[in-house]
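J.: Quick one: this structure, given as structure tokens, is what I'll be asking you about.
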Amino acid sequence: MPSQSEPTVLFSTNTTTAAAVRPVRGAAARYTQHLPPATGKAFLASAKVPLIRGESLYADVAGQAGIPWQVLAACDWMQCKAKRGLSPVYGEKLGTVNPDRTSYRTRSAALERCADDLAELADSVYQIDLTRSGPLSVRELANVFAAFRWGGLLKAHHTSAMEFPYSVAGLTMQHMHMRWPNIDDPEAPDKPGARFHKPLGAVPVVLSLNYPATA
């Protein structure tokens, strides 16, 4: 088990009886794979403090939208590193008028927009109900963030979200040093084929915040 100074990246529960650890028939198995050490260190060094500091705000906004607060927190980190003066909608400064003519003067309002977009896009692109009571799988979480960042482009180009660094960078050793999918589409919001420079994708952030994802 990790020490108290390390992020909790192994997802299992401690129980005292054999009966307690038997999975419920038909229930999905919990995701138990360790994140790579470099991913854990990156989370501790950069994301942990601002995200834990903002947990009450994330929980309030996410609760009203009916989505997991860890998903909203990861979105905030990926979009603007959870900085107080920035909006996670486009990563713009609070109060800036965006190309779609929206403007958000408070973090709460910007996070509310993101929560709504996360739920709506997950449903419309991948038919994932982000508001359901049970936990999502790692693959579903990857799809949620793929839909948020690139909309339906990956699906249209037959590309798995497990190749999408915004979602899964740092998830396993095979997900280190990733590049944006090299798809030929002028609507791609990030440069296709270019190196992804962040050490963490959204799913490792969600897992590091102890979301009980399934395998």
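Each chain in the structure tokens gets a letter, A, B, ..., in the order shown, and its residues are numbered from 1; ligands are numbered from 1 in order too.
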Using only C-alpha atoms, which residues sit within 12 Å of segment 103-105 of chain A once same-chain residues fewer than 2 positions away are excluded, as a PyMOL selection string?
T.: chain A and resi 84-101+107-114
J.: Quick one: residues within 12 Å of Ser133 of chain A, only C-alpha atoms, excluding same-chain residues fewer than 5 positions away - as an MDAnalysis selection string?
T.: chainID A and resid 63 66:68 212
J.: When you draw a straight line from atom CA of Ala169 of chain A to atom CA of Asp60 of chain A, how long is it in Å?
T.: 27.6 Å
J.: Considering only C-alpha atoms, return as a PyMOL selection string whatever protein or nucleic-acid residues lie within 12 Å of Leu207 of chain A, sequence-local ones (same chain, fewer than 3 positions apart) excluded.
T.: chain A and resi 7-12+30-35+39-40+43+48+68-71+73-74+135-138+141-142+167-168+170-171+200-204+210-215
J.: Rounded to one decimal in Å, what is the spacing between atom CA of Lys83 of chain A and atom CA of Ala122 of chain A?
T.: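 Distance reported for this atom pair: 24.8 Å.
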J.: Determine which residues of segment 7-208 of chain A receive a DSSP assignment of alpha helix (DSSP H), computed from the backbone, and state them as a count of residues only.
T.: 87
J.: Between A:Gln64, A:Pro186, A:Ala47, A:Ser160, which has the minimum distance to Val206 of chain A (counting only C-alpha atoms)?
T.: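 Closest candidate: A:Ala47.
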J.: Expressed in Å to a single decimal, how great is the separation between atom CA of Gln79 of chain A and atom CA of His175 of chain A?
T.: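 Here the two named atoms are 19.7 Å from each other.
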J.: Excluding same-chain residues fewer than 3 positions from Val144 of chain A, what lies within 9 Å of it counting only C-alpha atoms, as an MDAnalysis selection string?
T.: chainID A and resid 118:119 121:123 125:126 128 130 139:141 147:149 161 167
J.: Taking only C-alpha atoms into account, name the residue in A:Ala188, A:Leu51, A:Ala42, A:Met178 that is nearest to Cys80 of chain A.
T.: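 Among the listed residues, the smallest separation from Cys80 of chain A belongs to A:Leu51.
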J.: So which residues touch Pro192 of chain A within 8 Å, counting only C-alpha atoms, skipping near sequence neighbours fewer than 4 positions away, as a ChimeraX atom specification?
T.: /A:179-184,188
J.: For the residues in that selection, give me all heavy atoms as an mmCIF file, in the first residue's frame.
T.:
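Result file follows (out04.cif):
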```cif
data_model
loop_
_atom_site.group_PDB
_atom_site.id
_atom_site.type_symbol
_atom_site.label_atom_id
_atom_site.label_comp_id
_atom_site.auth_asym_id
_atom_site.auth_seq_id
_atom_site.Cartn_x
_atom_site.Cartn_y
_atom_site.Cartn_z
ATOM 1 N N ARG A 179 1.365 11.441 -28.016
ATOM 2 C CA ARG A 179 1.112 12.502 -28.990
ATOM 3 C C ARG A 179 -0.384 12.610 -29.242
ATOM 4 O O ARG A 179 -1.126 11.648 -29.051
ATOM 5 C CB ARG A 179 1.832 12.223 -30.322
ATOM 6 C CG ARG A 179 3.347 12.295 -30.234
ATOM 7 C CD ARG A 179 4.004 12.005 -31.577
ATOM 8 N NE ARG A 179 5.446 12.134 -31.505
ATOM 9 C CZ ARG A 179 6.104 13.270 -31.691
ATOM 10 N NH1 ARG A 179 5.436 14.375 -32.017
ATOM 11 N NH2 ARG A 179 7.409 13.326 -31.594
ATOM 12 N N TRP A 180 -0.814 13.794 -29.670
ATOM 13 C CA TRP A 180 -2.205 13.941 -30.079
ATOM 14 C C TRP A 180 -2.455 13.023 -31.272
ATOM 15 O O TRP A 180 -1.574 12.839 -32.113
ATOM 16 C CB TRP A 180 -2.490 15.397 -30.484
ATOM 17 C CG TRP A 180 -2.413 16.384 -29.371
ATOM 18 C CD1 TRP A 180 -1.397 17.250 -29.113
ATOM 19 C CD2 TRP A 180 -3.404 16.623 -28.368
ATOM 20 N NE1 TRP A 180 -1.676 18.014 -28.006
ATOM 21 C CE2 TRP A 180 -2.909 17.653 -27.521
ATOM 22 C CE3 TRP A 180 -4.652 16.071 -28.090
ATOM 23 C CZ2 TRP A 180 -3.630 18.131 -26.432
ATOM 24 C CZ3 TRP A 180 -5.366 16.553 -27.000
ATOM 25 C CH2 TRP A 180 -4.862 17.564 -26.186
ATOM 26 N N PRO A 181 -3.629 12.409 -31.365
ATOM 27 C CA PRO A 181 -3.915 11.526 -32.508
ATOM 28 C C PRO A 181 -3.680 12.235 -33.839
ATOM 29 O O PRO A 181 -4.107 13.376 -34.026
ATOM 30 C CB PRO A 181 -5.395 11.185 -32.322
ATOM 31 C CG PRO A 181 -5.622 11.305 -30.857
ATOM 32 C CD PRO A 181 -4.754 12.460 -30.420
ATOM 33 N N ASN A 182 -3.002 11.547 -34.722
ATOM 34 C CA ASN A 182 -2.632 12.141 -36.007
ATOM 35 C C ASN A 182 -3.759 11.915 -37.018
ATOM 36 O O ASN A 182 -3.646 11.114 -37.949
ATOM 37 C CB ASN A 182 -1.323 11.547 -36.512
ATOM 38 C CG ASN A 182 -0.771 12.318 -37.702
ATOM 39 O OD1 ASN A 182 -1.191 13.436 -37.971
ATOM 40 N ND2 ASN A 182 0.167 11.717 -38.403
ATOM 41 N N ILE A 183 -4.849 12.638 -36.815
ATOM 42 C CA ILE A 183 -5.981 12.519 -37.720
ATOM 43 C C ILE A 183 -6.038 13.741 -38.630
ATOM 44 O O ILE A 183 -5.649 14.839 -38.247
ATOM 45 C CB ILE A 183 -7.307 12.344 -36.963
ATOM 46 C CG1 ILE A 183 -7.633 13.594 -36.137
ATOM 47 C CG2 ILE A 183 -7.263 11.118 -36.065
ATOM 48 C CD1 ILE A 183 -9.001 13.541 -35.475
ATOM 49 N N ASP A 184 -6.494 13.535 -39.821
ATOM 50 C CA ASP A 184 -6.566 14.610 -40.819
ATOM 51 C C ASP A 184 -7.940 15.264 -40.743
ATOM 52 O O ASP A 184 -8.877 14.843 -41.426
ATOM 53 C CB ASP A 184 -6.302 14.035 -42.211
ATOM 54 C CG ASP A 184 -6.262 15.125 -43.283
ATOM 55 O OD1 ASP A 184 -6.124 16.309 -42.907
ATOM 56 O OD2 ASP A 184 -6.372 14.783 -44.467
ATOM 57 N N ALA A 188 -9.848 19.739 -35.637
ATOM 58 C CA ALA A 188 -9.142 19.314 -34.426
ATOM 59 C C ALA A 188 -8.674 20.537 -33.643
ATOM 60 O O ALA A 188 -7.976 21.396 -34.194
ATOM 61 C CB ALA A 188 -7.958 18.436 -34.792
#
```
